[in-house]
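Undergrad: Handing you a structure now.
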Amino acid sequence: MSLRNRRAALAPALALVVLTAACGESDDAAGGSSPAAETIPVAASDDACDVGTAELEAGTYEFEVTNGGSTTTEFYVYAEGDRVMAEAENIAPEQSRPLLVELPAGEYETACKPGMTGDGIRNPLTVTGDSERLSEDESLAQAGTDYQRYVRSQTAALLEQTTAFTGAVTAGDVERAKALYPVARTYWERIEPVAEIFGDLDPLIDGREGDQEEGQDFTGFHRIEKALWETGDVSGMGPYADKLLTDVQRIVELADGTTLEPLQLANGAKALLDEVATGKITGEEDRYSHTDLWDFAANLEGSQAAVQALRPYLEEADPELVAEIDERFAATETELRQYRAGDGWVLHDQLTQEQLRGLSDSVTALTASVSEVAAVVADR
Amino acid sequence: MSGQEEPTGVSRRRLFGWMGAGTAGVLAAGATGGLIGRATAVETAASSAGPDDAVPFTGAHQAGIVTPAQDRLHFVALDVITDDRDELVELLRTWTDAARRMTAGRDAGPVGAVDGERYAPPDDTGEALGLPASGLTLTIGFGPTLFETVDGGDRFGLAARRPAPLVELPAFAGDQLDPAISGGDLCIQACANDPQVAVHAVRNLVRLGAGVVSVRWSQLGFGRTSSTSTGQATPRNLFGFKDGTNNLKAENEQALDRFVWVADGDSGGDWLAGGSYLVARRIRMLIEPWDTATLDEQHRTIGRTKGTGAPLGQRAEFDPVDVTKQVDGEFAIPETSHVFLAHPSNSGTAILRRGYSFVDGSDGLGRLDAGLFFIAYQRDPATGFVQVQRNLRRDALNEYVRHTSSAVFACPPGVRGDGDWWGRALFTG
């Protein structure tokens with residue numbers, strides 16, 4: 001509530017050239033192929049994350065992540081303030097995954113997340129060499145690129161998981177399909193600000209029953225969710241599974257080629273929190289499976305990723321706001337983590353009104369802070 | 001974006017606010033005489049102002065207690081969700097600033113609903129743009145759980161400062177309380193002559209409280225059910241009867257000092273003197289059984305006539321309640337009637353009632369979910385509401401009412417000057 005007073009006290013424009021860990025030339029770090037990249041092995045397990053080295057020269061590297069643990073894991077390279085430089089999603093036990101990342105000089109952390117949740121197992125990583133100096137304009141321009149890298153890591157996992165999910169549906173494997181449903185949706189829910197740009201595809205993939213216009217078929221994740229949980233009969237779901245996969249393929253292609261503007265990132269970060277408040281806390285999103293907390297967690301992570309992409313700029317323009325946002329993301333995660341159950345989450349219909357109110361309060365506070373980001377970005 | 005074309009600070013609405021305040025000041029100066037003193041002078045003067053005018057926010061007592069009851073209510077109870085005392089204090093300061101502005105008919109924030117940055121959320125929500133101050137009062141109260149949590153925790157270092165009378169109300173026979181709409185760490189009573197102005201005020205204060213407080217429950221009310229000034233006609237409640245005929249009135253300063261205002265020597269008087277305790281009870285009226293009761297039954301249940309409001313056996317509304325008077329060998333006012341049992345001559349005390357009617361839609365069985373949102377102010381709940389309510393055990397009216405919520409709050413004294421804020425003496429004393 002003190003933000004306005006504080007913001008008013010800030011100098012209107014910070015013309016400082018800032019020191020940042022980001023780099024202006026990493027356009028295609030994750031997606032492109034750089035043949036000269038040195039490979040660094042990462043041995044991930046349930047309780048360790050052994051990275052081949054703790055010190056590097058600035059440059060482009062390929063981390064080869066091998067999951068020797070018993071649960072699915074993720075691997076991240078974080079810059080200061082948990083800004084994601086690169087991440088590898090959804091690495092099943094026994095699997096390996098390469099991850100290409102360009103690292104300018106700076107202090108980083110690597111993290112493995114067995115069970116795909118929490119802060120993960122962290123190790124410091126120091127990169128030496130010349131640091132790039134970016135102006136505020138440059139760091140804002142960099143934000144879109146950074147976020148695009150995040151989107152691409154998510155779309156790759158989305159495609160993979162949707163393929164597995166629809167495959168299980170087509171094969172009539174109800175139990176497997178039920179297990180995969182919230183996992184596939186996680187990657188979808190993390191990048192919804194991008195998905196929503198493609199207005200006609202979003203409702204086909206994620207429309208809820210009753211959202212359709214007259215004469216329009218009810219398709220997508222929730223159509224199959226209804227069959228899985230209401231009747232357990234997916235014999236008629238083949239065409240819906242095929243269509244879902246086709247629609248996801250199309251949106252992935254479109255999303256991968258889209259770079260969001262800084263203001264879109266700011267608004268997207270807030271829109272994801274609104275999704276939590278209006279769809280997940282109410283249990284409207286996954287009304288048959290009640291797996292709303294998977295989507296909640298994913299929206300929260302997606303919102304944080306969008307804010308983190310803007311972080312180098314925000315830290316110069318309004319450090320107090322960044323501190324408050326960090327604190328409130330952490331508070332919301334703490335609130336949510338109480339409902340962790342195994343590799344997943346407690347079902348929405350098992351939460352009490354008091355528990356839902358606790359979640360709602362933390363999201364309300366976080367949204368109030370994140371809603372201030374757009375104006376800071378627009379100040380440029 | 002029409003607001004951008006207006007010169008800063010002189011919107012029509014703001015002008016209304018200033019005119020209101022100015023008028024009130026002039027009348028106060030002229031009307032004081034030897035009859036009325038201190039804050040009541042200001043409050044009473046405000047009553048001479050029109051329904052659109054502003055009620056002064058500052059004074060010895062908070063506005064909204066003896067202020068002539070406005071027509072509309074939005075009441076909200078909140079829980080504090082932070083353990084950080086500084087955050088709470090900062091919110092109380094922020095709230096005080098916003099309340100100062102809104103009660104004067106201005107926007108909640110310094111910039112306003114439509115003059116802010118394009119990409120920032122506005123610092124006012126806008127639905128009161130163009131509306132006058134409408135007699136808005138905002139009254140804050142602190143609940144027992146602010147001082148000490150249910151399990152004995154002292155979150156804000158206030159446990160030692162809790163006044164002895166500030167405890168949850170005891171259970172009363174026939175209570176059907178819903179905990180979800182009872183209690184609360186804080187409350188804000190917003191009263192205005194325009195419901196949109198009251199709702200606007202609560203909405204903006206809640207918005208400013210994100211991360212610090214969480215709404216526990218809230219209640220809308222329409223149609224004041226009590227007069228708090230001799231200048232007001234006695235209104236009717238949803239039973240169709242005049243309510244509050246014998247209420248304490250702003251003009252009776254001695255009675256207010258005795259029954260409403262906490263005094264210096266009272267428990268907690270170091271920060272609460274000049275304040276008062278607020279008791280809130282959502283009383284559902286069983287409308288349909290009442291509507292099928294005979295007029296005679298209704299008269300005997302209340303103890304007054306429905307038409308004039310006169311005590312049974314008397315002629316006019318303000319004729320004295322004579323509990324000894326007999327007609328045809330029977331007491332004129334039945335011993336189980338509401339008036340007989342609640343009247344100061346039998347309850348031995350007096351409270352200042354400030355309730356509102358409510359209709360929260362229907363109950364799914366086709367019956368109105370309606371009643372009286374009862375609010376009373378007193379110097380000590382034990383010798384105020386609790387004493388009155390205990391005496392109502394045999395009240396014939398109980399057949400037609402159900403108490404569904406309960407809450408008690410200590411309302412600090414008024415905000416004094418420009419630098420003062422709600423609860424300052426509690427948090428800094």
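Ordering of the structure tokens sets the chain letters (A, B, ...); residue numbers start at 1 within each chain; ligands are numbered from 1 in the order shown.
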For A:Leu228, list every protein, DNA or RNA residue within 10 Å, evaluated using only C-alpha atoms, and leave out those in the same chain fewer than 3 positions away; present the list as a list in words.

TA: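 The filter keeps Val169, Gly172, Asp173, Val174, Glu175, Ala177, Lys178, Tyr181, His222, Arg223, Ile224, Glu225, Thr231, Gly232, Asp233, Val234, Met237, Tyr288 and Ser289 of chain A.
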
Undergrad: Could you please take those selected residues and save N, CA and C atoms as a PDB file, in the first residue's frame?

TA:
```
ATOM      1  N   VAL A 169      -5.063 -41.189 -24.067  1.00  0.00           N
ATOM      2  CA  VAL A 169      -6.510 -41.097 -24.298  1.00  0.00           C
ATOM      3  C   VAL A 169      -6.895 -41.981 -25.487  1.00  0.00           C
ATOM      4  N   GLY A 172      -7.001 -45.487 -24.784  1.00  0.00           N
ATOM      5  CA  GLY A 172      -8.011 -45.897 -23.811  1.00  0.00           C
ATOM      6  C   GLY A 172      -7.436 -46.161 -22.427  1.00  0.00           C
ATOM      7  N   ASP A 173      -6.216 -45.667 -22.179  1.00  0.00           N
ATOM      8  CA  ASP A 173      -5.576 -45.864 -20.869  1.00  0.00           C
ATOM      9  C   ASP A 173      -6.006 -44.729 -19.926  1.00  0.00           C
ATOM     10  N   VAL A 174      -7.127 -44.918 -19.279  1.00  0.00           N
ATOM     11  CA  VAL A 174      -7.738 -43.848 -18.486  1.00  0.00           C
ATOM     12  C   VAL A 174      -6.836 -43.425 -17.325  1.00  0.00           C
ATOM     13  N   GLU A 175      -6.270 -44.384 -16.614  1.00  0.00           N
ATOM     14  CA  GLU A 175      -5.458 -44.042 -15.445  1.00  0.00           C
ATOM     15  C   GLU A 175      -4.227 -43.218 -15.842  1.00  0.00           C
ATOM     16  N   ALA A 177      -3.903 -41.442 -18.573  1.00  0.00           N
ATOM     17  CA  ALA A 177      -4.367 -40.148 -19.075  1.00  0.00           C
ATOM     18  C   ALA A 177      -4.672 -39.200 -17.918  1.00  0.00           C
ATOM     19  N   LYS A 178      -5.298 -39.742 -16.883  1.00  0.00           N
ATOM     20  CA  LYS A 178      -5.611 -38.910 -15.704  1.00  0.00           C
ATOM     21  C   LYS A 178      -4.342 -38.401 -15.043  1.00  0.00           C
ATOM     22  N   TYR A 181      -2.810 -35.618 -17.370  1.00  0.00           N
ATOM     23  CA  TYR A 181      -3.615 -34.409 -17.627  1.00  0.00           C
ATOM     24  C   TYR A 181      -3.073 -33.169 -16.909  1.00  0.00           C
ATOM     25  N   HIS A 222     -10.464 -29.662 -21.511  1.00  0.00           N
ATOM     26  CA  HIS A 222     -11.557 -29.852 -20.559  1.00  0.00           C
ATOM     27  C   HIS A 222     -12.620 -30.822 -21.075  1.00  0.00           C
ATOM     28  N   ARG A 223     -12.752 -30.933 -22.411  1.00  0.00           N
ATOM     29  CA  ARG A 223     -13.676 -31.921 -22.961  1.00  0.00           C
ATOM     30  C   ARG A 223     -13.223 -33.325 -22.552  1.00  0.00           C
ATOM     31  N   ILE A 224     -11.922 -33.539 -22.681  1.00  0.00           N
ATOM     32  CA  ILE A 224     -11.378 -34.855 -22.340  1.00  0.00           C
ATOM     33  C   ILE A 224     -11.380 -35.057 -20.825  1.00  0.00           C
ATOM     34  N   GLU A 225     -11.101 -33.963 -20.090  1.00  0.00           N
ATOM     35  CA  GLU A 225     -11.159 -34.019 -18.618  1.00  0.00           C
ATOM     36  C   GLU A 225     -12.528 -34.515 -18.159  1.00  0.00           C
ATOM     37  N   THR A 231     -17.236 -39.935 -16.544  1.00  0.00           N
ATOM     38  CA  THR A 231     -17.718 -41.273 -16.917  1.00  0.00           C
ATOM     39  C   THR A 231     -16.601 -42.307 -16.918  1.00  0.00           C
ATOM     40  N   GLY A 232     -15.365 -41.844 -17.058  1.00  0.00           N
ATOM     41  CA  GLY A 232     -14.258 -42.785 -17.177  1.00  0.00           C
ATOM     42  C   GLY A 232     -14.289 -43.512 -18.512  1.00  0.00           C
ATOM     43  N   ASP A 233     -15.121 -43.025 -19.416  1.00  0.00           N
ATOM     44  CA  ASP A 233     -15.245 -43.657 -20.731  1.00  0.00           C
ATOM     45  C   ASP A 233     -14.686 -42.701 -21.782  1.00  0.00           C
ATOM     46  N   VAL A 234     -13.547 -43.068 -22.374  1.00  0.00           N
ATOM     47  CA  VAL A 234     -12.937 -42.178 -23.372  1.00  0.00           C
ATOM     48  C   VAL A 234     -13.048 -42.767 -24.781  1.00  0.00           C
ATOM     49  N   MET A 237     -13.415 -40.269 -27.452  1.00  0.00           N
ATOM     50  CA  MET A 237     -12.542 -39.098 -27.314  1.00  0.00           C
ATOM     51  C   MET A 237     -11.415 -39.020 -28.343  1.00  0.00           C
ATOM     52  N   TYR A 288     -13.918 -30.964 -13.151  1.00  0.00           N
ATOM     53  CA  TYR A 288     -14.175 -32.410 -13.050  1.00  0.00           C
ATOM     54  C   TYR A 288     -13.037 -33.114 -12.322  1.00  0.00           C
ATOM     55  N   SER A 289     -11.803 -32.694 -12.603  1.00  0.00           N
ATOM     56  CA  SER A 289     -10.646 -33.378 -12.015  1.00  0.00           C
ATOM     57  C   SER A 289     -10.234 -32.759 -10.684  1.00  0.00           C
TER      58      SER A 289
END
```

Undergrad: Find the residues around A:Lys243 up to 10 Å (only C-alpha atoms counted), leave out those fewer than 6 positions away in its own chain, and share them as a list in words.

TA: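 Near neighbours after the sequence-gap exclusion: Thr166, Leu204, Ile205, Thr219, Gly220, Met237 and Gln249 of chain A.
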
Undergrad: Please save N, CA, C and O atoms of the selected residues as a PDB file, in the first residue's frame.

TA:
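Output below, filename result-v3.pdb:
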```pdb
ATOM      1  N   THR A 166      -2.517 -37.232 -25.016  1.00  0.00           N
ATOM      2  CA  THR A 166      -3.493 -37.607 -26.043  1.00  0.00           C
ATOM      3  C   THR A 166      -3.264 -39.053 -26.491  1.00  0.00           C
ATOM      4  O   THR A 166      -4.219 -39.754 -26.831  1.00  0.00           O
ATOM      5  N   LEU A 204     -10.236 -23.147 -28.194  1.00  0.00           N
ATOM      6  CA  LEU A 204     -10.329 -24.516 -28.706  1.00  0.00           C
ATOM      7  C   LEU A 204      -9.539 -25.472 -27.821  1.00  0.00           C
ATOM      8  O   LEU A 204      -9.916 -26.624 -27.642  1.00  0.00           O
ATOM      9  N   ILE A 205      -8.445 -24.975 -27.268  1.00  0.00           N
ATOM     10  CA  ILE A 205      -7.568 -25.820 -26.456  1.00  0.00           C
ATOM     11  C   ILE A 205      -8.020 -25.845 -24.996  1.00  0.00           C
ATOM     12  O   ILE A 205      -8.006 -26.872 -24.336  1.00  0.00           O
ATOM     13  N   THR A 219     -14.399 -28.482 -27.175  1.00  0.00           N
ATOM     14  CA  THR A 219     -13.192 -29.265 -27.477  1.00  0.00           C
ATOM     15  C   THR A 219     -12.087 -28.944 -26.473  1.00  0.00           C
ATOM     16  O   THR A 219     -12.238 -28.065 -25.639  1.00  0.00           O
ATOM     17  N   GLY A 220     -10.973 -29.657 -26.607  1.00  0.00           N
ATOM     18  CA  GLY A 220      -9.775 -29.317 -25.846  1.00  0.00           C
ATOM     19  C   GLY A 220      -9.594 -30.132 -24.573  1.00  0.00           C
ATOM     20  O   GLY A 220     -10.259 -31.149 -24.351  1.00  0.00           O
ATOM     21  N   MET A 237     -13.415 -40.269 -27.452  1.00  0.00           N
ATOM     22  CA  MET A 237     -12.542 -39.098 -27.314  1.00  0.00           C
ATOM     23  C   MET A 237     -11.415 -39.020 -28.343  1.00  0.00           C
ATOM     24  O   MET A 237     -10.692 -38.031 -28.404  1.00  0.00           O
ATOM     25  N   GLN A 249       0.004 -28.152 -31.406  1.00  0.00           N
ATOM     26  CA  GLN A 249       1.127 -28.026 -32.348  1.00  0.00           C
ATOM     27  C   GLN A 249       1.109 -26.656 -33.032  1.00  0.00           C
ATOM     28  O   GLN A 249       2.137 -25.997 -33.175  1.00  0.00           O
TER      29      GLN A 249
END
```

Undergrad: Determine, using only C-alpha atoms, which residues of chain B have any atom at most 12 Å from an atom of chain A, and tabulate each with its shortest atom pair and distance in Å to one decimal place, rows ordered by chain and then rising number, as JSON lines.

TA:
```
{"residue": "B:Leu78", "atom": "CA", "partner": "A:Asp361", "partner_atom": "CA", "distance": 11.7}
{"residue": "B:Asp79", "atom": "CA", "partner": "A:Asp361", "partner_atom": "CA", "distance": 10.5}
{"residue": "B:Val80", "atom": "CA", "partner": "A:Asp361", "partner_atom": "CA", "distance": 10.5}
{"residue": "B:Ile81", "atom": "CA", "partner": "A:Asp361", "partner_atom": "CA", "distance": 8.0}
{"residue": "B:Thr82", "atom": "CA", "partner": "A:Ser362", "partner_atom": "CA", "distance": 10.4}
{"residue": "B:Asp86", "atom": "CA", "partner": "A:Ser2", "partner_atom": "CA", "distance": 11.6}
{"residue": "B:Glu87", "atom": "CA", "partner": "A:Met1", "partner_atom": "CA", "distance": 9.0}
{"residue": "B:Leu88", "atom": "CA", "partner": "A:Met1", "partner_atom": "CA", "distance": 10.4}
{"residue": "B:Val89", "atom": "CA", "partner": "A:Ser2", "partner_atom": "CA", "distance": 11.4}
{"residue": "B:Glu90", "atom": "CA", "partner": "A:Ser2", "partner_atom": "CA", "distance": 7.7}
{"residue": "B:Leu91", "atom": "CA", "partner": "A:Met1", "partner_atom": "CA", "distance": 7.0}
{"residue": "B:Leu92", "atom": "CA", "partner": "A:Met1", "partner_atom": "CA", "distance": 10.6}
{"residue": "B:Arg93", "atom": "CA", "partner": "A:Ser2", "partner_atom": "CA", "distance": 10.1}
{"residue": "B:Thr94", "atom": "CA", "partner": "A:Met1", "partner_atom": "CA", "distance": 7.6}
{"residue": "B:Trp95", "atom": "CA", "partner": "A:Met1", "partner_atom": "CA", "distance": 9.7}
{"residue": "B:Ala98", "atom": "CA", "partner": "A:Met1", "partner_atom": "CA", "distance": 11.6}
{"residue": "B:Gly109", "atom": "CA", "partner": "A:Arg4", "partner_atom": "CA", "distance": 9.2}
{"residue": "B:Pro110", "atom": "CA", "partner": "A:Arg4", "partner_atom": "CA", "distance": 9.6}
{"residue": "B:Val111", "atom": "CA", "partner": "A:Arg4", "partner_atom": "CA", "distance": 9.9}
{"residue": "B:Gly116", "atom": "CA", "partner": "A:Ala375", "partner_atom": "CA", "distance": 10.2}
{"residue": "B:Glu117", "atom": "CA", "partner": "A:Ala375", "partner_atom": "CA", "distance": 7.0}
{"residue": "B:Arg118", "atom": "CA", "partner": "A:Ala375", "partner_atom": "CA", "distance": 7.4}
{"residue": "B:Tyr119", "atom": "CA", "partner": "A:Ala375", "partner_atom": "CA", "distance": 4.5}
{"residue": "B:Ala120", "atom": "CA", "partner": "A:Ala375", "partner_atom": "CA", "distance": 4.8}
{"residue": "B:Pro121", "atom": "CA", "partner": "A:Ser371", "partner_atom": "CA", "distance": 6.9}
{"residue": "B:Pro122", "atom": "CA", "partner": "A:Glu372", "partner_atom": "CA", "distance": 10.4}
{"residue": "B:Asp123", "atom": "CA", "partner": "A:Arg4", "partner_atom": "CA", "distance": 8.5}
{"residue": "B:Pro179", "atom": "CA", "partner": "A:Glu354", "partner_atom": "CA", "distance": 11.7}
{"residue": "B:Ala180", "atom": "CA", "partner": "A:Glu354", "partner_atom": "CA", "distance": 9.4}
{"residue": "B:Asn204", "atom": "CA", "partner": "A:Met1", "partner_atom": "CA", "distance": 11.4}
{"residue": "B:Leu205", "atom": "CA", "partner": "A:Met1", "partner_atom": "CA", "distance": 10.3}
{"residue": "B:Val206", "atom": "CA", "partner": "A:Met1", "partner_atom": "CA", "distance": 10.6}
{"residue": "B:Arg207", "atom": "CA", "partner": "A:Ala368", "partner_atom": "CA", "distance": 8.5}
{"residue": "B:Leu208", "atom": "CA", "partner": "A:Met1", "partner_atom": "CA", "distance": 5.5}
{"residue": "B:Gly209", "atom": "CA", "partner": "A:Met1", "partner_atom": "CA", "distance": 6.6}
{"residue": "B:Ala210", "atom": "CA", "partner": "A:Ala365", "partner_atom": "CA", "distance": 4.7}
{"residue": "B:Gly211", "atom": "CA", "partner": "A:Ala365", "partner_atom": "CA", "distance": 4.1}
{"residue": "B:Val212", "atom": "CA", "partner": "A:Ala365", "partner_atom": "CA", "distance": 7.9}
{"residue": "B:Val213", "atom": "CA", "partner": "A:Asp361", "partner_atom": "CA", "distance": 8.2}
{"residue": "B:Ser214", "atom": "CA", "partner": "A:Asp361", "partner_atom": "CA", "distance": 6.4}
{"residue": "B:Val215", "atom": "CA", "partner": "A:Asp361", "partner_atom": "CA", "distance": 9.1}
{"residue": "B:Arg216", "atom": "CA", "partner": "A:Arg357", "partner_atom": "CA", "distance": 9.3}
{"residue": "B:Trp217", "atom": "CA", "partner": "A:Arg357", "partner_atom": "CA", "distance": 11.8}
```

Undergrad: Would you export the selected residues with C-alpha atoms as a short mmCIF file (atom, residue, chain, number, x, y, z; two decimals), in the first residue's frame, please?

TA:
```cif
data_model
loop_
_atom_site.label_atom_id
_atom_site.label_comp_id
_atom_site.auth_asym_id
_atom_site.auth_seq_id
_atom_site.Cartn_x
_atom_site.Cartn_y
_atom_site.Cartn_z
CA LEU B 78 -11.37 -7.65 8.52
CA ASP B 79 -8.63 -9.92 9.76
CA VAL B 80 -5.03 -8.76 9.85
CA ILE B 81 -2.97 -11.24 7.83
CA THR B 82 0.49 -9.86 8.51
CA ASP B 86 4.89 -1.68 11.08
CA GLU B 87 2.85 -2.79 8.08
CA LEU B 88 -0.32 -2.54 10.13
CA VAL B 89 0.58 0.93 11.38
CA GLU B 90 1.39 2.06 7.85
CA LEU B 91 -1.99 0.82 6.68
CA LEU B 92 -3.78 2.69 9.48
CA ARG B 93 -2.02 5.88 8.36
CA THR B 94 -2.85 5.22 4.71
CA TRP B 95 -6.46 4.48 5.62
CA ALA B 98 -7.96 8.04 2.37
CA GLY B 109 -5.93 8.72 -3.46
CA PRO B 110 -4.10 11.99 -4.02
CA VAL B 111 -4.11 11.65 -7.82
CA GLY B 116 -3.18 9.10 -13.05
CA GLU B 117 -0.60 7.39 -15.19
CA ARG B 118 -1.97 5.52 -18.16
CA TYR B 119 -0.31 2.24 -17.24
CA ALA B 120 -0.87 2.32 -13.50
CA PRO B 121 -4.01 1.16 -11.70
CA PRO B 122 -5.91 4.33 -10.67
CA ASP B 123 -5.64 5.30 -6.98
CA PRO B 179 -18.60 -17.98 12.94
CA ALA B 180 -17.86 -17.08 9.29
CA ASN B 204 -11.18 1.53 -1.66
CA LEU B 205 -10.08 0.93 1.91
CA VAL B 206 -10.10 -2.82 1.30
CA ARG B 207 -8.11 -2.31 -1.90
CA LEU B 208 -5.49 -0.32 -0.01
CA GLY B 209 -5.24 -3.13 2.54
CA ALA B 210 -4.06 -5.87 0.14
CA GLY B 211 -1.46 -8.03 1.84
CA VAL B 212 -2.15 -6.56 5.27
CA VAL B 213 -5.83 -7.27 5.88
CA SER B 214 -8.38 -9.68 4.50
CA VAL B 215 -12.12 -9.16 4.52
CA ARG B 216 -13.70 -11.59 6.95
CA TRP B 217 -17.32 -10.65 6.36
#
```

Undergrad: So that I can check the secondary structure, give me every residue of stretch 70-314 of chain B assigned helix (DSSP H, G or I) by backbone DSSP, as a ChimeraX atom specification.

TA: /B:85-103,144-147,159-161,179-181,195-208,253-259,269-272,287-291,295-302

Undergrad: Skipping near chain neighbours, those fewer than 2 positions away, what residues fall within 10 Å of B:Ala192 using only C-alpha atoms, listed as a list in words?

TA: Pro51, Asp52, Ala54, Val55, Gly64, Ala69, Gln70, Asp71, Arg72, Leu73, His74, Thr103, Ala133, Ser134, Gly135, Leu136, Thr137, Leu138, Ala190, Asp194, Pro195, Gln196, Val197, Ala198, Val199, Ala201 and Phe222 of chain B

Undergrad: Those selected residues, please, written with N, CA and C atoms and delivered as a short mmCIF file (atom, residue, chain, number, x, y, z; two decimals), in the first residue's frame.

TA:
```cif
data_model
loop_
_atom_site.label_atom_id
_atom_site.label_comp_id
_atom_site.auth_asym_id
_atom_site.auth_seq_id
_atom_site.Cartn_x
_atom_site.Cartn_y
_atom_site.Cartn_z
N PRO B 51 -28.39 16.36 3.16
CA PRO B 51 -27.94 14.97 3.04
C PRO B 51 -26.73 14.79 2.11
N ASP B 52 -26.46 15.79 1.27
CA ASP B 52 -25.31 15.70 0.37
C ASP B 52 -24.01 16.16 1.02
N ALA B 54 -20.80 17.22 3.62
CA ALA B 54 -19.75 16.45 4.29
C ALA B 54 -19.91 16.54 5.80
N VAL B 55 -19.61 15.46 6.49
CA VAL B 55 -19.54 15.44 7.95
C VAL B 55 -18.07 15.55 8.31
N GLY B 64 -19.81 9.17 12.99
CA GLY B 64 -20.49 7.91 12.70
C GLY B 64 -21.03 7.22 13.93
N ALA B 69 -27.96 9.51 12.15
CA ALA B 69 -27.79 8.29 11.35
C ALA B 69 -28.15 8.55 9.89
N GLN B 70 -27.21 8.20 9.01
CA GLN B 70 -27.45 8.32 7.58
C GLN B 70 -28.33 7.16 7.12
N ASP B 71 -28.71 7.18 5.86
CA ASP B 71 -29.67 6.18 5.37
C ASP B 71 -29.05 4.84 5.00
N ARG B 72 -27.74 4.81 4.74
CA ARG B 72 -27.16 3.59 4.18
C ARG B 72 -25.91 3.17 4.95
N LEU B 73 -25.68 1.87 4.92
CA LEU B 73 -24.54 1.29 5.64
C LEU B 73 -23.79 0.30 4.77
N HIS B 74 -22.48 0.33 4.83
CA HIS B 74 -21.65 -0.79 4.39
C HIS B 74 -20.67 -1.06 5.52
N THR B 103 -14.32 11.26 3.03
CA THR B 103 -15.42 11.87 3.80
C THR B 103 -15.63 13.33 3.40
N ALA B 133 -20.40 14.42 -1.07
CA ALA B 133 -19.88 13.68 0.09
C ALA B 133 -20.94 12.79 0.72
N SER B 134 -22.21 13.18 0.60
CA SER B 134 -23.34 12.35 1.02
C SER B 134 -23.30 11.97 2.49
N GLY B 135 -22.72 12.85 3.31
CA GLY B 135 -22.70 12.59 4.76
C GLY B 135 -21.86 11.39 5.15
N LEU B 136 -20.93 11.00 4.28
CA LEU B 136 -20.12 9.80 4.56
C LEU B 136 -19.37 9.92 5.89
N THR B 137 -19.52 8.91 6.73
CA THR B 137 -18.66 8.77 7.90
C THR B 137 -17.97 7.42 7.84
N LEU B 138 -16.73 7.36 8.29
CA LEU B 138 -15.98 6.11 8.35
C LEU B 138 -15.50 5.95 9.79
N ALA B 190 -19.07 2.15 7.42
CA ALA B 190 -19.23 3.26 6.47
C ALA B 190 -20.71 3.58 6.38
N ASP B 194 -25.95 8.00 0.39
CA ASP B 194 -25.99 7.38 -0.93
C ASP B 194 -25.24 6.06 -0.81
N PRO B 195 -25.90 4.94 -1.13
CA PRO B 195 -25.23 3.64 -0.94
C PRO B 195 -23.96 3.51 -1.76
N GLN B 196 -23.93 4.15 -2.91
CA GLN B 196 -22.74 4.04 -3.77
C GLN B 196 -21.53 4.70 -3.11
N VAL B 197 -21.78 5.75 -2.36
CA VAL B 197 -20.69 6.44 -1.66
C VAL B 197 -20.15 5.56 -0.53
N ALA B 198 -21.04 4.89 0.19
CA ALA B 198 -20.59 4.01 1.28
C ALA B 198 -19.81 2.82 0.72
N VAL B 199 -20.32 2.22 -0.35
CA VAL B 199 -19.66 1.05 -0.95
C VAL B 199 -18.31 1.46 -1.53
N ALA B 201 -16.36 3.75 -0.50
CA ALA B 201 -15.39 3.97 0.58
C ALA B 201 -14.82 2.64 1.07
N PHE B 222 -29.70 -0.87 4.55
CA PHE B 222 -30.44 0.27 3.99
C PHE B 222 -31.45 0.69 5.04
#
```

Undergrad: For A:Thr163, work out the shell of residues within 10 Å, counting only C-alpha atoms and skipping chain neighbours fewer than 6 positions away, then give it as a list in words.

TA: Ala157, Val169, Ala184, Ala241, Asp242, Leu244, Leu245, Thr246, Val248 and Gln249 of chain A
